[in-house]
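The file run.csv comes next; it holds CSV, C-alpha atoms.
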```csv
chain,number,residue,atom,x,y,z
A,16,MET,CA,204.1,171.8,100.2
A,17,ASN,CA,203.9,173.5,103.6
A,18,VAL,CA,204.9,172.9,107.2
A,19,ALA,CA,201.3,172.8,108.6
A,20,ASP,CA,200.5,169.8,106.3
A,21,ILE,CA,203.7,168.0,107.3
A,22,ILE,CA,202.9,168.5,111.0
A,23,LYS,CA,199.3,167.2,110.5
A,24,GLN,CA,200.7,164.2,108.8
A,25,SER,CA,203.1,163.6,111.7
A,26,LEU,CA,200.2,163.9,114.2
A,27,ASP,CA,198.5,161.1,112.1
A,28,GLY,CA,201.6,158.9,112.7
A,29,ILE,CA,203.0,159.2,109.2
A,30,PRO,CA,206.8,159.9,108.7
A,31,CYS,CA,208.1,162.5,106.3
A,32,ARG,CA,208.7,161.5,102.7
A,33,PRO,CA,212.1,162.2,101.2
A,34,GLU,CA,210.9,165.3,99.3
A,35,GLN,CA,209.3,166.6,102.6
A,36,THR,CA,212.5,166.1,104.5
A,37,LEU,CA,214.4,168.0,101.8
A,38,PHE,CA,211.9,170.8,102.0
A,39,LEU,CA,212.2,171.1,105.8
A,40,LEU,CA,216.0,171.1,105.6
A,41,SER,CA,215.9,174.0,103.1
A,42,LEU,CA,214.1,176.3,105.7
A,43,PRO,CA,216.3,178.7,107.6
A,44,ALA,CA,217.2,177.4,111.0
A,45,ASP,CA,215.7,180.4,112.6
A,46,ALA,CA,212.5,180.4,110.6
A,47,PRO,CA,209.2,180.4,112.5
A,48,GLU,CA,208.2,177.2,110.7
A,49,THR,CA,211.4,175.5,111.8
A,50,TYR,CA,210.4,176.1,115.4
A,51,GLN,CA,207.1,174.5,114.7
A,52,VAL,CA,208.9,171.5,113.4
A,53,MET,CA,211.0,171.4,116.5
A,54,ALA,CA,207.9,171.5,118.7
A,55,GLU,CA,206.3,168.6,116.9
A,56,ALA,CA,209.5,166.6,117.1
A,57,ARG,CA,209.7,167.2,120.8
A,58,ARG,CA,206.0,166.2,121.2
A,59,LEU,CA,206.6,163.0,119.2
A,60,SER,CA,209.7,162.0,121.1
A,61,ARG,CA,207.9,162.4,124.4
A,62,GLU,CA,204.8,160.5,123.1
A,63,LEU,CA,206.8,157.5,121.8
A,64,THR,CA,208.8,157.1,125.0
A,65,GLY,CA,206.2,158.0,127.6
A,66,ASP,CA,208.2,161.2,128.3
A,67,ARG,CA,211.4,159.3,129.1
A,68,ALA,CA,214.7,160.4,127.6
A,69,GLU,CA,217.8,158.2,128.0
A,70,VAL,CA,221.3,158.9,129.1
A,71,HIS,CA,223.9,156.3,127.9
A,72,GLY,CA,227.5,156.1,129.1
A,73,GLN,CA,230.6,155.3,127.0
A,74,PHE,CA,234.2,154.5,128.0
A,75,ALA,CA,237.2,154.0,125.8
A,76,LEU,CA,239.4,150.9,125.8
A,77,ASN,CA,242.3,152.6,124.1
A,78,LEU,CA,243.8,155.7,122.6
A,79,ALA,CA,246.0,155.4,119.5
A,80,PRO,CA,246.8,156.9,116.2
A,81,CYS,CA,244.2,155.3,113.9
A,82,ARG,CA,244.9,154.0,110.4
A,83,ALA,CA,241.4,154.8,109.2
A,84,ASN,CA,242.4,158.5,109.1
A,85,CYS,CA,238.9,159.9,109.4
A,86,LEU,CA,239.7,163.6,108.9
A,87,PHE,CA,237.1,164.7,111.5
A,88,CYS,CA,238.6,162.5,114.3
A,89,SER,CA,241.3,163.4,116.8
A,90,PHE,CA,242.5,159.7,116.7
A,91,ALA,CA,243.3,160.0,113.0
A,92,ALA,CA,247.0,159.4,112.5
A,93,CYS,CA,247.1,162.1,109.8
A,94,ASN,CA,245.8,164.7,112.3
A,95,LYS,CA,248.8,164.1,114.6
A,96,ILE,CA,246.8,164.9,117.8
A,97,PHE,CA,247.8,161.7,119.6
A,98,THR,CA,251.1,160.1,118.6
A,99,LYS,CA,251.4,157.3,121.3
A,100,ALA,CA,249.2,154.3,121.8
A,101,SER,CA,247.8,153.3,125.1
A,102,LYS,CA,245.0,151.1,126.5
A,103,ILE,CA,243.3,150.5,129.8
A,104,SER,CA,243.6,147.3,131.7
A,105,PRO,CA,240.7,144.8,132.1
A,106,GLU,CA,240.4,146.0,135.7
A,107,GLU,CA,240.1,149.6,134.6
A,108,ALA,CA,237.5,148.7,132.0
A,109,VAL,CA,235.4,147.0,134.7
A,110,LEU,CA,235.7,150.0,137.0
A,111,SER,CA,234.7,152.4,134.2
A,112,SER,CA,231.7,150.4,133.2
A,113,ARG,CA,230.5,149.9,136.8
A,114,HIS,CA,231.0,153.6,137.5
A,115,LEU,CA,228.7,154.5,134.6
A,116,GLU,CA,226.2,151.8,135.7
A,117,GLU,CA,226.1,153.1,139.2
A,118,LEU,CA,225.5,156.7,138.0
A,119,GLY,CA,222.4,155.5,136.2
A,120,SER,CA,223.4,155.0,132.5
A,121,SER,CA,220.7,153.1,130.7
A,122,ALA,CA,223.3,151.4,128.5
A,123,ILE,CA,227.1,151.0,128.6
A,124,TYR,CA,229.1,151.5,125.4
A,125,MET,CA,232.6,150.1,125.0
A,126,MET,CA,234.5,152.1,122.4
A,127,ALA,CA,237.8,151.2,120.7
A,128,THR,CA,239.7,152.5,117.7
A,129,ASP,CA,239.4,150.8,114.3
A,130,ASN,CA,242.8,149.0,114.8
A,131,PHE,CA,242.1,147.7,118.3
A,132,PRO,CA,242.6,143.8,118.3
A,133,PHE,CA,239.3,142.0,118.0
A,134,ALA,CA,240.4,139.3,120.4
A,135,GLU,CA,241.0,141.8,123.1
A,136,THR,CA,237.6,143.4,122.5
A,137,ILE,CA,235.9,140.1,123.1
A,138,ALA,CA,238.1,139.3,126.2
A,139,MET,CA,237.3,142.7,127.7
A,140,ALA,CA,233.6,142.4,127.0
A,141,ARG,CA,233.5,139.0,128.7
A,142,GLU,CA,235.0,140.5,131.9
A,143,ILE,CA,232.8,143.6,131.8
A,144,LYS,CA,229.6,141.7,131.2
A,145,ALA,CA,230.3,139.4,134.1
A,146,ALA,CA,230.8,142.5,136.4
A,147,LEU,CA,227.6,144.3,135.4
A,148,LYS,CA,224.1,143.7,136.5
A,149,PRO,CA,222.4,141.1,134.3
A,150,GLU,CA,219.9,143.6,133.0
A,151,THR,CA,222.5,146.2,132.1
A,152,MET,CA,223.0,146.4,128.3
A,153,LEU,CA,226.5,146.4,126.8
A,154,ILE,CA,226.9,148.1,123.5
A,155,ALA,CA,229.9,148.1,121.2
A,156,ASN,CA,231.3,151.1,119.4
A,157,VAL,CA,234.1,149.5,117.3
A,158,GLY,CA,235.3,149.2,113.8
A,159,ASP,CA,233.9,147.2,110.9
A,160,ARG,CA,233.4,143.5,111.6
A,161,THR,CA,232.8,140.3,109.6
A,162,PRO,CA,229.7,138.2,110.0
A,163,ALA,CA,231.7,135.7,112.2
A,164,GLU,CA,233.0,138.5,114.4
A,165,ALA,CA,229.5,140.0,114.7
A,166,ARG,CA,228.2,136.6,115.9
A,167,ALA,CA,231.1,136.4,118.4
A,168,MET,CA,230.1,139.8,119.8
A,169,LYS,CA,226.5,138.6,120.2
A,170,GLU,CA,227.6,135.4,122.0
A,171,VAL,CA,229.9,137.3,124.4
A,172,GLY,CA,226.9,139.4,125.6
A,173,PHE,CA,226.7,142.6,123.5
A,174,SER,CA,223.1,143.7,123.1
A,175,GLY,CA,223.8,146.0,120.2
A,176,VAL,CA,226.3,148.3,118.4
A,177,TYR,CA,226.6,151.9,117.5
A,178,HIS,CA,227.6,152.0,113.8
A,179,ALA,CA,227.1,154.7,111.2
A,180,LEU,CA,227.7,155.3,107.5
A,181,ARG,CA,229.3,158.7,108.1
A,182,LEU,CA,228.9,161.7,105.9
A,183,GLY,CA,231.9,161.8,103.6
A,184,GLU,CA,232.7,158.1,104.1
A,185,GLY,CA,235.4,157.1,101.6
A,186,ARG,CA,236.2,160.8,100.9
A,187,GLN,CA,237.0,162.2,104.4
A,188,THR,CA,237.7,158.7,105.8
A,189,GLY,CA,239.9,155.8,104.7
A,190,ILE,CA,237.0,153.4,105.0
A,191,ASP,CA,235.2,152.0,102.0
A,192,PRO,CA,231.5,152.7,102.3
A,193,GLN,CA,230.7,149.2,101.1
A,194,VAL,CA,232.6,147.7,104.0
A,195,ARG,CA,230.7,149.9,106.4
A,196,LEU,CA,227.4,148.8,104.8
A,197,ALA,CA,228.5,145.1,105.0
A,198,SER,CA,229.2,145.6,108.7
A,199,LEU,CA,225.8,147.0,109.4
A,200,ARG,CA,224.2,144.0,107.7
A,201,ALA,CA,226.5,141.6,109.6
A,202,PHE,CA,225.5,143.2,113.0
A,203,GLN,CA,221.8,143.0,112.3
A,204,GLU,CA,222.0,139.4,110.9
A,205,ALA,CA,223.9,138.4,114.1
A,206,GLY,CA,221.0,139.7,116.2
A,207,LEU,CA,222.7,142.8,117.4
A,208,THR,CA,220.5,145.9,117.6
A,209,VAL,CA,222.0,148.8,115.7
A,210,GLY,CA,221.9,152.4,116.8
A,211,THR,CA,223.0,155.0,114.2
A,212,CYS,CA,223.1,158.7,113.4
A,213,VAL,CA,223.5,161.2,110.6
A,214,GLU,CA,227.0,162.4,111.4
A,215,PRO,CA,229.3,164.3,111.5
A,216,ILE,CA,227.4,167.2,109.8
A,217,GLY,CA,229.5,170.1,108.5
A,218,PRO,CA,228.6,173.3,106.7
A,219,GLU,CA,229.7,171.7,103.4
A,220,HIS,CA,227.0,169.0,103.5
A,221,SER,CA,224.1,169.8,101.2
A,222,ASN,CA,220.4,169.4,102.1
A,223,GLU,CA,220.2,166.7,99.5
A,224,GLU,CA,223.0,164.7,101.1
A,225,LEU,CA,221.5,165.1,104.6
A,226,ALA,CA,218.0,164.1,103.4
A,227,GLU,CA,219.4,160.9,101.7
A,228,ARG,CA,221.3,159.9,104.8
A,229,ILE,CA,218.3,160.6,107.1
A,230,HIS,CA,216.2,158.2,105.1
A,231,PHE,CA,219.0,155.7,104.9
A,232,THR,CA,219.1,155.5,108.7
A,233,ALA,CA,215.3,155.2,108.8
A,234,GLU,CA,215.4,152.2,106.5
A,235,LEU,CA,217.7,150.4,109.0
A,236,ASN,CA,214.8,150.5,111.6
A,237,PRO,CA,217.5,151.2,114.2
A,238,ALA,CA,217.3,151.5,118.0
A,239,PHE,CA,217.8,155.2,117.4
A,240,SER,CA,218.9,157.6,114.7
A,241,GLY,CA,219.4,161.3,115.1
A,242,ALA,CA,221.9,164.0,114.0
A,243,ALA,CA,225.3,165.2,115.3
A,244,ARG,CA,227.4,168.1,114.1
A,245,ARG,CA,231.1,167.8,113.4
A,246,ILE,CA,233.2,169.1,116.3
A,247,SER,CA,236.2,171.0,114.9
A,248,ILE,CA,239.6,169.6,115.9
A,249,PRO,CA,241.9,172.6,116.2
A,250,GLY,CA,244.6,172.8,113.4
A,251,THR,CA,243.0,170.2,111.2
A,252,GLU,CA,242.1,170.6,107.5
A,253,LEU,CA,238.3,170.3,108.0
A,254,ALA,CA,238.4,172.8,110.9
A,255,GLU,CA,240.3,175.4,108.9
A,256,LYS,CA,238.4,174.9,105.6
A,257,TYR,CA,234.8,174.5,106.8
A,258,GLY,CA,234.4,175.1,110.5
A,259,MET,CA,231.1,174.0,112.2
A,260,ILE,CA,227.4,174.3,111.8
A,261,SER,CA,225.5,176.1,114.6
A,262,GLU,CA,223.8,174.4,117.5
A,263,LEU,CA,220.5,175.8,116.1
A,264,ARG,CA,221.1,174.1,112.7
A,265,MET,CA,221.9,170.9,114.5
A,266,ALA,CA,218.7,171.1,116.5
A,267,GLN,CA,216.8,171.7,113.3
A,268,VAL,CA,218.3,168.5,111.7
A,269,VAL,CA,217.6,166.5,114.9
A,270,ALA,CA,214.0,167.5,114.7
A,271,ILE,CA,213.6,166.7,111.0
A,272,THR,CA,215.2,163.3,111.5
A,273,ARG,CA,212.7,162.5,114.2
A,274,LEU,CA,209.8,163.3,111.9
A,275,ALA,CA,211.3,161.2,109.1
A,276,LEU,CA,211.9,158.1,111.3
A,277,PRO,CA,209.4,155.2,111.6
A,278,ARG,CA,207.4,155.4,114.8
A,279,THR,CA,208.9,152.0,115.7
A,280,VAL,CA,212.2,153.9,116.3
A,281,LEU,CA,212.0,155.3,119.8
A,282,GLY,CA,215.4,157.0,120.0
A,283,ASN,CA,216.5,160.3,118.5
A,284,CYS,CA,220.0,161.1,119.5
A,285,THR,CA,222.4,164.0,119.2
A,286,HIS,CA,226.0,164.6,120.3
A,287,GLU,CA,227.4,166.6,121.9
A,288,PRO,CA,224.4,167.2,124.2
A,289,THR,CA,222.7,170.6,123.9
A,290,LEU,CA,219.6,172.1,125.5
A,291,LEU,CA,218.5,173.3,122.1
A,292,ALA,CA,218.6,169.7,120.7
A,293,ALA,CA,216.7,168.3,123.7
A,294,ALA,CA,214.0,171.0,123.2
A,295,ALA,CA,213.9,170.0,119.5
A,296,GLY,CA,213.2,166.3,120.2
A,297,ALA,CA,216.5,164.7,121.0
A,298,ASN,CA,215.9,162.0,123.7
A,299,LEU,CA,219.3,160.4,123.9
A,300,PHE,CA,222.6,161.9,125.2
A,301,TRP,CA,225.9,160.3,126.0
A,302,ALA,CA,228.3,160.7,129.0
A,303,GLU,CA,231.9,159.8,128.3
A,304,ILE,CA,235.0,158.5,130.1
A,305,GLY,CA,238.5,158.3,128.6
A,306,ALA,CA,239.5,159.0,125.0
A,307,ASN,CA,237.0,160.9,122.8
A,308,PRO,CA,237.3,161.3,119.0
A,309,ARG,CA,236.1,164.9,119.3
A,310,ASP,CA,238.6,165.9,122.1
A,311,ILE,CA,242.3,166.7,122.2
A,312,LYS,CA,242.5,165.7,125.9
A,313,GLU,CA,243.5,162.2,126.7
A,314,LYS,CA,240.7,162.0,129.2
A,315,THR,CA,237.6,163.6,128.0
A,316,GLU,CA,236.3,164.1,131.5
A,317,ASP,CA,239.1,166.8,131.7
A,318,GLY,CA,237.8,168.3,128.4
A,319,ARG,CA,234.6,168.1,126.3
A,320,GLY,CA,233.1,165.1,127.9
A,321,PHE,CA,229.7,165.2,129.7
A,322,THR,CA,228.9,163.3,132.9
A,323,VAL,CA,225.7,161.2,133.5
A,324,PRO,CA,224.4,163.7,136.1
A,325,LYS,CA,225.0,166.6,133.7
A,326,CYS,CA,223.1,164.9,130.9
A,327,ARG,CA,220.2,164.1,133.2
A,328,GLU,CA,220.2,167.7,134.4
A,329,MET,CA,220.0,169.0,130.8
A,330,PHE,CA,217.0,166.9,130.0
A,331,LEU,CA,215.3,168.0,133.2
A,332,ASP,CA,216.0,171.6,132.3
A,333,VAL,CA,213.9,171.3,129.2
A,334,GLU,CA,211.2,169.4,131.2
A,335,PHE,CA,211.9,166.1,129.6
A,336,GLY,CA,211.6,163.0,131.9
A,337,VAL,CA,214.6,160.7,132.2
A,338,LEU,CA,214.4,156.9,132.2
A,339,GLU,CA,215.5,154.9,135.2
A,340,GLY,CA,216.8,151.5,134.4
A,341,PRO,CA,217.8,149.6,131.2
A,342,SER,CA,217.4,151.2,127.8
A,343,ARG,CA,214.1,150.8,126.1
A,344,PHE,CA,215.8,151.7,122.7
A,345,PHE,CA,217.8,148.5,122.6
A,346,ARG,CA,215.1,146.1,123.8
```

Encoding of this model in structure tokens:
Amino acid sequence: MNVADIIKQSLDGIPCRPEQTLFLLSLPADAPETYQVMAEARRLSRELTGDRAEVHGQFALNLAPCRANCLFCSFAACNKIFTKASKISPEEAVLSSRHLEELGSSAIYMMATDNFPFAETIAMAREIKAALKPETMLIANVGDRTPAEARAMKEVGFSGVYHALRLGEGRQTGIDPQVRLASLRAFQEAGLTVGTCVEPIGPEHSNEELAERIHFTAELNPAFSGAARRISIPGTELAEKYGMISELRMAQVVAITRLALPRTVLGNCTHEPTLLAAAAGANLFWAEIGANPRDIKEKTEDGRGFTVPKCREMFLDVEFGVLEGPSRFFR
């Protein structure tokens, strides 16, 4: 097995097989062959999208200690970063969504913690959808949902959802992986397009685990997949025990994920945005407003959050075109 043959296979439109994905993940992140893989992933991402990356925008409905206790999340009650619950008003939600729309986000994501009341999610979505342009896509980033709740989300105007079976699910989170899988099925059966990701990657995750998860996301035939590293929350167990992978390693996994995805999957995401990842085939970045599970600031715009113009600038800096208008990934 060698990289040249895998790249030729990619040029012929054939995704990586699991054993090829594992081989590529085993290469050093700074190996010459890894840079060849990154170059092919970039070429493929540009080819599939007509050289148009996308910037999506996300705002948070609430900030609260969360019962799911995902160890990598600043919202986790056990991490004691945020101890008081707060939420924005419907008027503030409309302003946030319209602000992201006006800046040119190709899709608007509405995020809430796992314990945010579902009825309020639907009520907020109804007001937001009415305030946005008809063609603007509203995407949910919420907790697990039943089939009936998924149908209600579709009916109120959501085009899709972001949902992932996270690395360490059930071990580093308080969520049963089977519940997560049932939610993914419910969303798709309700007609909601699913975007997903291999995340949050830490130094402790083996190549075998990453390869399995990459191909799991490929089987979903999602709007996008990709890879995102775990951002260390200061003072938490995971930060002190394991730390973070490098941006170069994350870019390597982003590129490999692109080569393993079906060519029907146009999007290849990463978060947080980096130039290295964009140069390695990432064609989806997020701008964020309000609470952010990787930040210890109540408003991520005062901390780790990126703006829509900054995300666009980063794509342009690696000579990647940027889409104007509604997302093609969620069509």

I'd like to know which of A:Glu48, A:Asp66, A:Asp20, A:Asp27 is closest to Val333 of chain A, using all atoms listed in the file.
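Under the stated criterion, the closest residue is A:Asp66.
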
Residue with smallest distance to Asn307 of chain A - pool A:Gly206, A:Thr128, A:Val18, A:Gly336, counting only C-alpha atoms:
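Using only C-alpha atoms, the shortest distance to Asn307 of chain A belongs to A:Thr128.
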
At what distance in Å, to one decimal, does atom CA of Gln51 of chain A lie from atom CA of Ala19 of chain A?
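Separating atom CA of Ala19 of chain A from atom CA of Gln51 of chain A is a distance of 8.6 Å.
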
Counting only C-alpha atoms, figure out which residue out of A:Ala165, A:Ala146, A:Met259, A:Ala294 gets nearest to Glu116 of chain A.
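The closest residue to Glu116 of chain A is A:Ala146.
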
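The neighbours of Phe345 of chain A here are the residues that come within 12 Å of it, using all atoms listed in the file and leaving out any residue fewer than 6 positions away in the same chain; they are A:Glu69, A:His71, A:Ser121, A:Ala122, A:Ile123, A:Glu150, A:Thr151, A:Met152, A:Leu153, A:Ile154, A:Phe173, A:Ser174, A:Gly175, A:Val176, A:Tyr177, A:Gly206, A:Leu207, A:Thr208, A:Val209, A:Gly210, A:Thr211, A:Asn236, A:Pro237, A:Ala238, A:Phe239, A:Thr279, A:Val280, A:Leu281, A:Gly282.
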
Please produce an output containing C-alpha atoms for each residue in the selection, written as a PDB file, in the coordinates of the input.
```pdb
ATOM      1  CA  GLU A  69     217.800 158.200 128.000  1.00  0.00           C
ATOM      2  CA  HIS A  71     223.900 156.300 127.900  1.00  0.00           C
ATOM      3  CA  SER A 121     220.700 153.100 130.700  1.00  0.00           C
ATOM      4  CA  ALA A 122     223.300 151.400 128.500  1.00  0.00           C
ATOM      5  CA  ILE A 123     227.100 151.000 128.600  1.00  0.00           C
ATOM      6  CA  GLU A 150     219.900 143.600 133.000  1.00  0.00           C
ATOM      7  CA  THR A 151     222.500 146.200 132.100  1.00  0.00           C
ATOM      8  CA  MET A 152     223.000 146.400 128.300  1.00  0.00           C
ATOM      9  CA  LEU A 153     226.500 146.400 126.800  1.00  0.00           C
ATOM     10  CA  ILE A 154     226.900 148.100 123.500  1.00  0.00           C
ATOM     11  CA  PHE A 173     226.700 142.600 123.500  1.00  0.00           C
ATOM     12  CA  SER A 174     223.100 143.700 123.100  1.00  0.00           C
ATOM     13  CA  GLY A 175     223.800 146.000 120.200  1.00  0.00           C
ATOM     14  CA  VAL A 176     226.300 148.300 118.400  1.00  0.00           C
ATOM     15  CA  TYR A 177     226.600 151.900 117.500  1.00  0.00           C
ATOM     16  CA  GLY A 206     221.000 139.700 116.200  1.00  0.00           C
ATOM     17  CA  LEU A 207     222.700 142.800 117.400  1.00  0.00           C
ATOM     18  CA  THR A 208     220.500 145.900 117.600  1.00  0.00           C
ATOM     19  CA  VAL A 209     222.000 148.800 115.700  1.00  0.00           C
ATOM     20  CA  GLY A 210     221.900 152.400 116.800  1.00  0.00           C
ATOM     21  CA  THR A 211     223.000 155.000 114.200  1.00  0.00           C
ATOM     22  CA  ASN A 236     214.800 150.500 111.600  1.00  0.00           C
ATOM     23  CA  PRO A 237     217.500 151.200 114.200  1.00  0.00           C
ATOM     24  CA  ALA A 238     217.300 151.500 118.000  1.00  0.00           C
ATOM     25  CA  PHE A 239     217.800 155.200 117.400  1.00  0.00           C
ATOM     26  CA  THR A 279     208.900 152.000 115.700  1.00  0.00           C
ATOM     27  CA  VAL A 280     212.200 153.900 116.300  1.00  0.00           C
ATOM     28  CA  LEU A 281     212.000 155.300 119.800  1.00  0.00           C
ATOM     29  CA  GLY A 282     215.400 157.000 120.000  1.00  0.00           C
TER      30      GLY A 282
END
```

Got a sec: who's within 8 Å of segment 87-97 of chain A, counting only C-alpha atoms, leaving out chain neighbours fewer than 3 positions off, as an NGL selection string?
:A and (78-84 or 100 or 128 or 187 or 215 or 245-248 or 251 or 253 or 307-311)

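The nearest approach to Ile137 of chain A among the residues A:Val109, A:Ala293, A:Ala155, A:Cys284, with all atoms listed in the file taken into account, belongs to A:Ala155.
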
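Proximity to Pro324 of chain A was assessed for A:Leu196, A:Leu115, A:Leu263, A:Ala54 counting only C-alpha atoms; the smallest distance is recorded for A:Leu115.
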
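Of the listed residues (A:Leu338, A:Ala254, A:Ile29, A:Ala270), A:Ala270 comes nearest to Gly241 of chain A; the distances count all atoms listed in the file.
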
Between atom CA of Thr289 of chain A and atom CA of Glu184 of chain A, what is the spacing in Å?
25.5 Å

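For the atom pair formed by atom CA of Gly158 of chain A and atom CA of Asp129 of chain A, the distance is 4.4 Å, given to one decimal.
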